[in-house]
>>> print(open('coords01.cif').read())   # mmCIF, C-alpha atoms
data_final
#
loop_
_atom_site.label_atom_id
_atom_site.label_comp_id
_atom_site.auth_asym_id
_atom_site.auth_seq_id
_atom_site.Cartn_x
_atom_site.Cartn_y
_atom_site.Cartn_z
CA SER N 1 2.98 20.05 3.11
CA ALA N 2 -0.52 18.63 3.53
CA VAL N 3 -1.56 15.08 4.31
CA ILE N 4 -4.44 13.93 2.13
CA SER N 5 -6.48 10.76 2.37
CA GLN N 6 -9.00 9.35 -0.07
CA LYS N 7 -11.77 6.79 0.28
CA PRO N 8 -12.21 4.27 -1.16
CA SER N 9 -8.72 3.38 -2.32
CA ARG N 10 -10.19 1.22 -5.05
CA ASP N 11 -13.56 -0.10 -6.19
CA ILE N 12 -15.11 -2.23 -8.88
CA CYS N 13 -18.50 -0.98 -9.99
CA GLN N 14 -21.15 -2.00 -12.48
CA ARG N 15 -22.02 0.23 -15.39
CA GLY N 16 -24.94 2.57 -14.77
CA THR N 17 -24.20 2.99 -11.08
CA SER N 18 -22.54 5.90 -9.27
CA LEU N 19 -19.59 6.12 -6.90
CA THR N 20 -18.75 8.90 -4.48
CA ILE N 21 -15.08 9.45 -3.67
CA GLN N 22 -14.11 11.26 -0.49
CA CYS N 23 -11.06 13.47 0.01
CA GLN N 24 -9.94 14.56 3.48
CA VAL N 25 -7.12 17.04 4.22
CA ASP N 26 -5.36 17.49 7.55
CA SER N 27 -5.49 21.30 7.36
CA GLN N 28 -7.88 23.96 6.15
CA VAL N 29 -7.44 24.84 2.49
CA THR N 30 -9.27 27.20 0.20
CA MET N 31 -9.02 25.29 -3.05
CA MET N 32 -9.20 21.59 -3.77
CA PHE N 33 -8.72 19.99 -7.15
CA TRP N 34 -9.95 16.77 -8.72
CA TYR N 35 -7.99 14.96 -11.43
CA ARG N 36 -8.51 11.87 -13.55
CA GLN N 37 -5.76 9.58 -14.79
CA GLN N 38 -6.90 7.13 -17.42
CA PRO N 39 -4.91 3.92 -17.90
CA GLY N 40 -1.44 4.66 -19.26
CA GLN N 41 -2.16 8.36 -19.50
CA SER N 42 -1.15 11.50 -17.66
CA LEU N 43 -3.36 13.44 -15.25
CA THR N 44 -6.23 15.63 -16.46
CA LEU N 45 -7.89 18.24 -14.27
CA ILE N 46 -11.62 17.66 -13.85
CA ALA N 47 -12.60 20.61 -11.67
CA THR N 48 -11.58 23.07 -9.00
CA ALA N 49 -13.64 23.18 -5.81
CA ASN N 50 -13.74 26.23 -3.57
CA GLN N 51 -15.54 26.06 -0.26
CA GLY N 52 -18.84 27.91 -0.40
CA SER N 53 -19.12 28.14 -4.16
CA GLU N 54 -19.91 25.99 -7.16
CA ALA N 55 -17.06 23.95 -8.57
CA THR N 56 -15.42 25.14 -11.78
CA TYR N 57 -15.22 22.41 -14.43
CA GLU N 58 -12.64 22.04 -17.17
CA SER N 59 -13.59 21.59 -20.79
CA GLY N 60 -15.00 18.14 -21.39
CA PHE N 61 -16.27 17.63 -17.85
CA VAL N 62 -19.80 18.48 -16.70
CA ILE N 63 -21.48 18.76 -13.34
CA ASP N 64 -24.16 16.19 -14.14
CA LYS N 65 -21.51 13.54 -14.71
CA PHE N 66 -19.06 14.59 -11.98
CA PRO N 67 -20.95 16.43 -9.21
CA ILE N 68 -18.65 17.81 -6.51
CA SER N 69 -19.38 18.85 -2.96
CA ARG N 70 -17.20 21.04 -0.75
CA PRO N 71 -18.99 21.34 2.59
CA ASN N 72 -16.02 22.67 4.58
CA LEU N 73 -12.36 23.63 4.32
CA THR N 74 -10.97 20.12 4.89
CA PHE N 75 -13.28 17.86 2.89
CA SER N 76 -14.62 17.31 -0.61
CA THR N 77 -16.40 14.59 -2.56
CA LEU N 78 -16.45 13.72 -6.25
CA THR N 79 -19.24 11.54 -7.62
CA VAL N 80 -18.82 9.63 -10.85
CA SER N 81 -22.38 9.21 -12.11
CA ASN N 82 -23.98 6.70 -14.46
CA MET N 83 -20.64 4.99 -14.94
CA SER N 84 -19.44 3.29 -18.11
CA PRO N 85 -16.24 1.31 -18.70
CA GLU N 86 -14.67 4.49 -20.12
CA ASP N 87 -14.78 5.94 -16.59
CA SER N 88 -12.28 3.35 -15.39
CA SER N 89 -9.44 5.53 -14.13
CA ILE N 90 -7.56 6.69 -11.10
CA TYR N 91 -9.22 9.71 -9.50
CA LEU N 92 -7.04 12.01 -7.42
CA CYS N 93 -7.65 15.03 -5.29
CA SER N 94 -5.07 17.68 -4.50
CA VAL N 95 -4.64 20.86 -2.52
CA GLU N 96 -2.40 23.85 -2.97
CA GLY N 97 0.40 24.88 -0.65
CA ASP N 98 1.41 28.42 0.20
CA ARG N 99 3.81 28.58 -2.77
CA TYR N 100 1.14 27.23 -5.15
CA GLU N 101 2.72 23.81 -5.22
CA GLN N 102 0.16 21.01 -5.13
CA TYR N 103 -0.06 18.01 -2.86
CA PHE N 104 -1.93 14.94 -4.03
CA GLY N 105 -3.88 12.20 -2.35
CA PRO N 106 -3.08 8.54 -2.98
CA GLY N 107 -5.85 8.19 -5.55
CA THR N 108 -8.95 6.05 -5.99
CA ARG N 109 -8.62 3.29 -8.56
CA LEU N 110 -12.00 2.74 -10.21
CA THR N 111 -12.85 -0.17 -12.48
CA VAL N 112 -16.23 -0.20 -14.22
CA THR N 113 -17.47 -3.51 -15.57
CA ASP Q 1 -1.69 21.23 -24.03
CA ALA Q 2 1.53 20.97 -22.06
CA LYS Q 3 4.03 23.72 -22.79
CA THR Q 4 7.06 21.58 -22.09
CA THR Q 5 9.03 18.91 -23.93
CA GLN Q 6 10.71 16.06 -22.09
CA PRO Q 7 12.42 12.85 -23.22
CA THR Q 8 10.11 9.87 -23.03
CA SER Q 9 12.46 7.76 -20.93
CA MET Q 10 15.89 7.71 -19.29
CA ASP Q 11 18.00 5.22 -17.40
CA CYS Q 12 20.34 6.00 -14.55
CA ALA Q 13 22.70 3.81 -12.54
CA GLU Q 14 22.01 3.62 -8.84
CA GLY Q 15 24.17 6.04 -6.88
CA ARG Q 16 24.85 8.26 -9.87
CA ALA Q 17 23.32 11.65 -10.54
CA ALA Q 18 20.15 11.66 -12.63
CA ASN Q 19 19.84 14.70 -14.87
CA LEU Q 20 16.37 15.17 -16.33
CA PRO Q 21 16.04 17.85 -19.03
CA CYS Q 22 13.01 19.92 -19.90
CA ASN Q 23 12.47 22.36 -22.74
CA HIS Q 24 10.05 25.24 -22.25
CA SER Q 25 10.98 27.65 -25.02
CA THR Q 26 7.67 29.56 -24.88
CA ILE Q 27 7.78 30.24 -21.15
CA SER Q 28 6.52 33.68 -20.23
CA GLY Q 29 8.07 36.07 -17.74
CA ASN Q 30 5.71 35.29 -14.86
CA GLU Q 31 5.70 31.52 -15.25
CA TYR Q 32 7.58 29.26 -12.88
CA VAL Q 33 9.00 25.82 -13.58
CA TYR Q 34 7.53 23.09 -11.35
CA TRP Q 35 8.66 19.48 -11.10
CA TYR Q 36 6.57 16.58 -9.86
CA ARG Q 37 7.07 12.85 -9.94
CA GLN Q 38 4.69 9.91 -9.84
CA ILE Q 39 5.88 6.62 -8.49
CA HIS Q 40 3.87 3.69 -9.80
CA SER Q 41 0.35 3.48 -8.35
CA GLN Q 42 0.81 6.56 -6.18
CA GLY Q 43 -0.35 10.17 -6.40
CA PRO Q 44 2.09 12.71 -7.84
CA GLN Q 45 4.65 14.18 -5.47
CA TYR Q 46 5.84 17.77 -5.56
CA ILE Q 47 9.64 18.03 -5.90
CA ILE Q 48 10.78 21.60 -6.48
CA HIS Q 49 10.03 24.78 -8.38
CA GLY Q 50 11.81 27.96 -9.46
CA LEU Q 51 11.56 31.14 -11.51
CA LYS Q 52 15.06 31.93 -12.75
CA ASN Q 53 17.55 31.18 -10.01
CA ASN Q 54 18.84 27.72 -9.34
CA GLU Q 55 17.04 26.01 -6.47
CA THR Q 56 17.98 23.17 -4.16
CA ASN Q 57 16.06 21.29 -1.51
CA GLU Q 58 16.39 17.97 0.26
CA MET Q 59 15.11 16.06 -2.75
CA ALA Q 60 16.72 17.65 -5.78
CA SER Q 61 18.33 20.63 -7.50
CA LEU Q 62 16.77 22.67 -10.28
CA ILE Q 63 18.99 24.39 -12.82
CA ILE Q 64 17.29 26.93 -15.08
CA THR Q 65 19.17 28.37 -18.05
CA GLU Q 66 19.72 32.10 -18.20
CA ASP Q 67 17.23 32.53 -21.05
CA ARG Q 68 14.76 30.33 -19.08
CA LYS Q 69 13.98 28.26 -22.14
CA SER Q 70 15.11 25.03 -20.55
CA SER Q 71 15.84 23.49 -17.19
CA THR Q 72 17.35 20.38 -15.63
CA LEU Q 73 16.21 18.51 -12.57
CA ILE Q 74 19.10 16.83 -10.79
CA LEU Q 75 18.75 13.94 -8.36
CA PRO Q 76 22.28 13.87 -6.95
CA HIS Q 77 22.46 10.24 -5.88
CA ALA Q 78 19.67 8.26 -7.50
CA THR Q 79 18.25 5.25 -5.68
CA LEU Q 80 15.92 2.52 -6.86
CA ARG Q 81 13.08 4.35 -5.08
CA ASP Q 82 13.56 7.28 -7.47
CA THR Q 83 12.21 5.19 -10.34
CA ALA Q 84 9.13 7.16 -11.44
CA VAL Q 85 7.62 9.37 -14.11
CA TYR Q 86 8.92 12.94 -13.75
CA TYR Q 87 6.77 15.84 -14.93
CA CYS Q 88 8.07 19.32 -15.77
CA ILE Q 89 5.27 21.92 -15.73
CA VAL Q 90 5.36 25.65 -16.35
CA ARG Q 91 2.64 27.79 -14.84
CA VAL Q 92 1.87 31.07 -13.22
CA PRO Q 93 1.81 30.48 -9.45
CA SER Q 94 -1.84 31.23 -8.89
CA GLY Q 95 -4.77 29.27 -7.57
CA ASN Q 96 -6.59 29.99 -10.79
CA THR Q 97 -3.95 28.41 -12.99
CA PRO Q 98 -4.34 24.66 -13.33
CA LEU Q 99 -1.51 22.15 -13.49
CA VAL Q 100 -1.28 20.80 -17.03
CA PHE Q 101 0.54 17.47 -17.06
CA GLY Q 102 2.36 16.33 -20.17
CA LYS Q 103 3.63 12.81 -20.69
CA GLY Q 104 6.73 13.28 -18.54
CA THR Q 105 9.98 11.30 -18.47
CA ARG Q 106 9.99 7.76 -17.21
CA LEU Q 107 13.20 7.43 -15.17
CA SER Q 108 14.44 3.93 -14.47
CA VAL Q 109 17.16 3.64 -11.83
CA ILE Q 110 19.14 0.48 -12.39
CA ALA Q 111 21.09 -1.42 -9.75
#
>>> encode(input="coords01.cif", output="structure tokens")
Amino acid sequence: SAVISQKPSRDICQRGTSLTIQCQVDSQVTMMFWYRQQPGQSLTLIATANQGSEATYESGFVIDKFPISRPNLTFSTLTVSNMSPEDSSIYLCSVEGDRYEQYFGPGTRLTVT
Amino acid sequence: DAKTTQPTSMDCAEGRAANLPCNHSTISGNEYVYWYRQIHSQGPQYIIHGLKNNETNEMASLIITEDRKSSTLILPHATLRDTAVYYCIVRVPSGNTPLVFGKGTRLSVIA
């Protein structure tokens, strides 16, 4: 299994601003994933990030709103841009194990006021 | 959309076995059954997965019916710390196949 950390663990932000969330893994991985969990809801995949290539976004998510960086095999960032209260969610990153099971970070709890 | 159906909630007495069902009647031949759980305010945790044979690890057992249209996750001796939302997901084990989370089953373990 992989050990994943995220920063910040939580934040309260004003609408119109941006927040960058960091995800660090304790081993080198090819693919990293970013999910959103809105209040009371299940997880929804935002995008898949491969090192050295552009992230692949799921329907309903766009790069201008959720730009992703993947500078190396152990690190990724997700930015939530021009935030509105509807962006208040838990944001989680995950990585895939060698049997395609996924391991998740603890999440970043974002509140937009 | 999720391709599985799970009960919304279940209760289980502490120390007893918790049996969580999942229906996946449209599962295809190359799709596996994965189980995850999410304890309140934490990231999801991988539990177990299987194709057609029963599987067991240190956390749980997975029983898949012969026709593969349903499965049961068994926590043999539930504790209060097993209280969580349990997600059953079917997917092809590939990096290009995303996890699609349904609503899951909220398991409450009661003392």
>>> interface_residues(input="coords01.cif", of="chain N", to="chain Q", cutoff="9 Å", atoms="only C-alpha atoms", output="ChimeraX atom specification")
/N:31,33,41-45,48,90,92-93,96,99-107,109
>>> resolve_selection(input="coords01.cif", expression="the PyMOL selection byres ((chain Q and resi 54-70) around 8)", output="list in words")
Pro21, Cys22, Asn23, His24, Ser25, Thr26, Ile27, Ile47, Ile48, His49, Gly50, Leu51, Lys52, Asn53, Ser71, Thr72, Leu73, Ile74, Leu75 and Pro76 of chain Q
>>> atom_distance(input="coords01.cif", atom1="atom CA of N:Pro8", atom2="atom CA of Q:Asp82")
26.7 Å
>>> atom_distance(input="coords01.cif", atom1="atom CA of Q:Ser9", atom2="atom CA of Q:Val109")
11.0 Å
>>> resolve_selection(input="coords01.cif", expression="the PyMOL selection byres ((chain N and resi 32) around 9)", output="PyMOL selection string")
chain N and resi 29-31+33-34+47-51+70+73-76+93-96
>>> atom_distance(input="coords01.cif", atom1="atom CA of N:Asp98", atom2="atom CA of N:Ala2")
10.5 Å
>>> resolve_selection(input="coords01.cif", expression="the PyMOL selection byres ((chain N and resi 15-27) around 7)", output="list in words")
Ala2, Val3, Ile4, Ser5, Gln6, Lys7, Pro8, Cys13, Gln14, Gln28, Val29, Thr74, Phe75, Ser76, Thr77, Leu78, Thr79, Val80, Ser81, Asn82, Met83, Ser84, Pro85, Cys93, Val112 and Thr113 of chain N
>>> build_atoms(input="coords01.cif", residues="stretch 100-111 of chain Q", atoms="all heavy atoms", output="JSON list (two decimals), keeping the file's coordinate frame")
[["chain", "number", "residue", "atom", "x", "y", "z"],
["Q", 100, "VAL", "N", -1.07, 21.53, -15.78],
["Q", 100, "VAL", "CA", -1.28, 20.80, -17.03],
["Q", 100, "VAL", "C", -0.14, 19.80, -17.16],
["Q", 100, "VAL", "O", 1.01, 20.18, -17.38],
["Q", 100, "VAL", "CB", -1.32, 21.74, -18.24],
["Q", 100, "VAL", "CG1", -1.48, 20.93, -19.53],
["Q", 100, "VAL", "CG2", -2.45, 22.76, -18.10],
["Q", 101, "PHE", "N", -0.47, 18.53, -17.02],
["Q", 101, "PHE", "CA", 0.54, 17.47, -17.06],
["Q", 101, "PHE", "C", 0.74, 17.02, -18.50],
["Q", 101, "PHE", "O", -0.22, 16.72, -19.21],
["Q", 101, "PHE", "CB", 0.09, 16.27, -16.21],
["Q", 101, "PHE", "CG", 0.20, 16.49, -14.74],
["Q", 101, "PHE", "CD1", -0.79, 17.17, -14.05],
["Q", 101, "PHE", "CD2", 1.30, 16.02, -14.03],
["Q", 101, "PHE", "CE1", -0.69, 17.38, -12.68],
["Q", 101, "PHE", "CE2", 1.40, 16.22, -12.66],
["Q", 101, "PHE", "CZ", 0.41, 16.90, -11.99],
["Q", 102, "GLY", "N", 2.02, 16.97, -18.92],
["Q", 102, "GLY", "CA", 2.36, 16.33, -20.17],
["Q", 102, "GLY", "C", 2.60, 14.86, -19.94],
["Q", 102, "GLY", "O", 2.10, 14.27, -18.97],
["Q", 103, "LYS", "N", 3.38, 14.25, -20.82],
["Q", 103, "LYS", "CA", 3.63, 12.81, -20.69],
["Q", 103, "LYS", "C", 4.79, 12.50, -19.76],
["Q", 103, "LYS", "O", 4.94, 11.38, -19.30],
["Q", 103, "LYS", "CB", 3.89, 12.21, -22.07],
["Q", 103, "LYS", "CG", 2.68, 12.33, -23.00],
["Q", 103, "LYS", "CD", 2.91, 11.60, -24.30],
["Q", 103, "LYS", "CE", 1.73, 11.76, -25.24],
["Q", 103, "LYS", "NZ", 0.48, 11.26, -24.66],
["Q", 104, "GLY", "N", 5.65, 13.48, -19.48],
["Q", 104, "GLY", "CA", 6.73, 13.28, -18.54],
["Q", 104, "GLY", "C", 7.84, 12.38, -19.05],
["Q", 104, "GLY", "O", 7.82, 11.88, -20.18],
["Q", 105, "THR", "N", 8.85, 12.19, -18.19],
["Q", 105, "THR", "CA", 9.98, 11.30, -18.47],
["Q", 105, "THR", "C", 9.92, 10.14, -17.50],
["Q", 105, "THR", "O", 9.88, 10.34, -16.29],
["Q", 105, "THR", "CB", 11.32, 12.03, -18.28],
["Q", 105, "THR", "OG1", 11.44, 13.09, -19.22],
["Q", 105, "THR", "CG2", 12.49, 11.06, -18.45],
["Q", 106, "ARG", "N", 9.94, 8.95, -18.06],
["Q", 106, "ARG", "CA", 9.99, 7.76, -17.21],
["Q", 106, "ARG", "C", 11.45, 7.46, -16.88],
["Q", 106, "ARG", "O", 12.22, 7.05, -17.74],
["Q", 106, "ARG", "CB", 9.35, 6.57, -17.91],
["Q", 106, "ARG", "CG", 9.33, 5.30, -17.07],
["Q", 106, "ARG", "CD", 8.52, 4.20, -17.75],
["Q", 106, "ARG", "NE", 7.13, 4.59, -17.93],
["Q", 106, "ARG", "CZ", 6.19, 4.50, -17.00],
["Q", 106, "ARG", "NH1", 6.49, 4.01, -15.81],
["Q", 106, "ARG", "NH2", 4.94, 4.87, -17.26],
["Q", 107, "LEU", "N", 11.84, 7.69, -15.63],
["Q", 107, "LEU", "CA", 13.20, 7.43, -15.17],
["Q", 107, "LEU", "C", 13.28, 6.05, -14.55],
["Q", 107, "LEU", "O", 12.51, 5.74, -13.64],
["Q", 107, "LEU", "CB", 13.64, 8.49, -14.15],
["Q", 107, "LEU", "CG", 15.00, 8.25, -13.50],
["Q", 107, "LEU", "CD1", 16.12, 8.44, -14.52],
["Q", 107, "LEU", "CD2", 15.21, 9.16, -12.30],
["Q", 108, "SER", "N", 14.18, 5.25, -15.05],
["Q", 108, "SER", "CA", 14.44, 3.93, -14.47],
["Q", 108, "SER", "C", 15.81, 3.96, -13.83],
["Q", 108, "SER", "O", 16.81, 4.19, -14.52],
["Q", 108, "SER", "CB", 14.36, 2.84, -15.54],
["Q", 108, "SER", "OG", 13.07, 2.79, -16.11],
["Q", 109, "VAL", "N", 15.88, 3.73, -12.54],
["Q", 109, "VAL", "CA", 17.16, 3.64, -11.83],
["Q", 109, "VAL", "C", 17.53, 2.17, -11.75],
["Q", 109, "VAL", "O", 16.75, 1.35, -11.26],
["Q", 109, "VAL", "CB", 17.08, 4.27, -10.44],
["Q", 109, "VAL", "CG1", 18.44, 4.17, -9.74],
["Q", 109, "VAL", "CG2", 16.64, 5.73, -10.54],
["Q", 110, "ILE", "N", 18.72, 1.88, -12.23],
["Q", 110, "ILE", "CA", 19.14, 0.48, -12.39],
["Q", 110, "ILE", "C", 20.24, 0.14, -11.40],
["Q", 110, "ILE", "O", 21.21, 0.90, -11.27],
["Q", 110, "ILE", "CB", 19.62, 0.25, -13.83],
["Q", 110, "ILE", "CG1", 18.49, 0.64, -14.81],
["Q", 110, "ILE", "CG2", 20.03, -1.19, -14.06],
["Q", 110, "ILE", "CD1", 18.96, 0.74, -16.23],
["Q", 111, "ALA", "N", 20.09, -0.98, -10.73],
["Q", 111, "ALA", "CA", 21.09, -1.42, -9.75],
["Q", 111, "ALA", "C", 22.40, -1.81, -10.43],
["Q", 111, "ALA", "O", 22.40, -2.27, -11.57],
["Q", 111, "ALA", "CB", 20.53, -2.60, -8.95]]
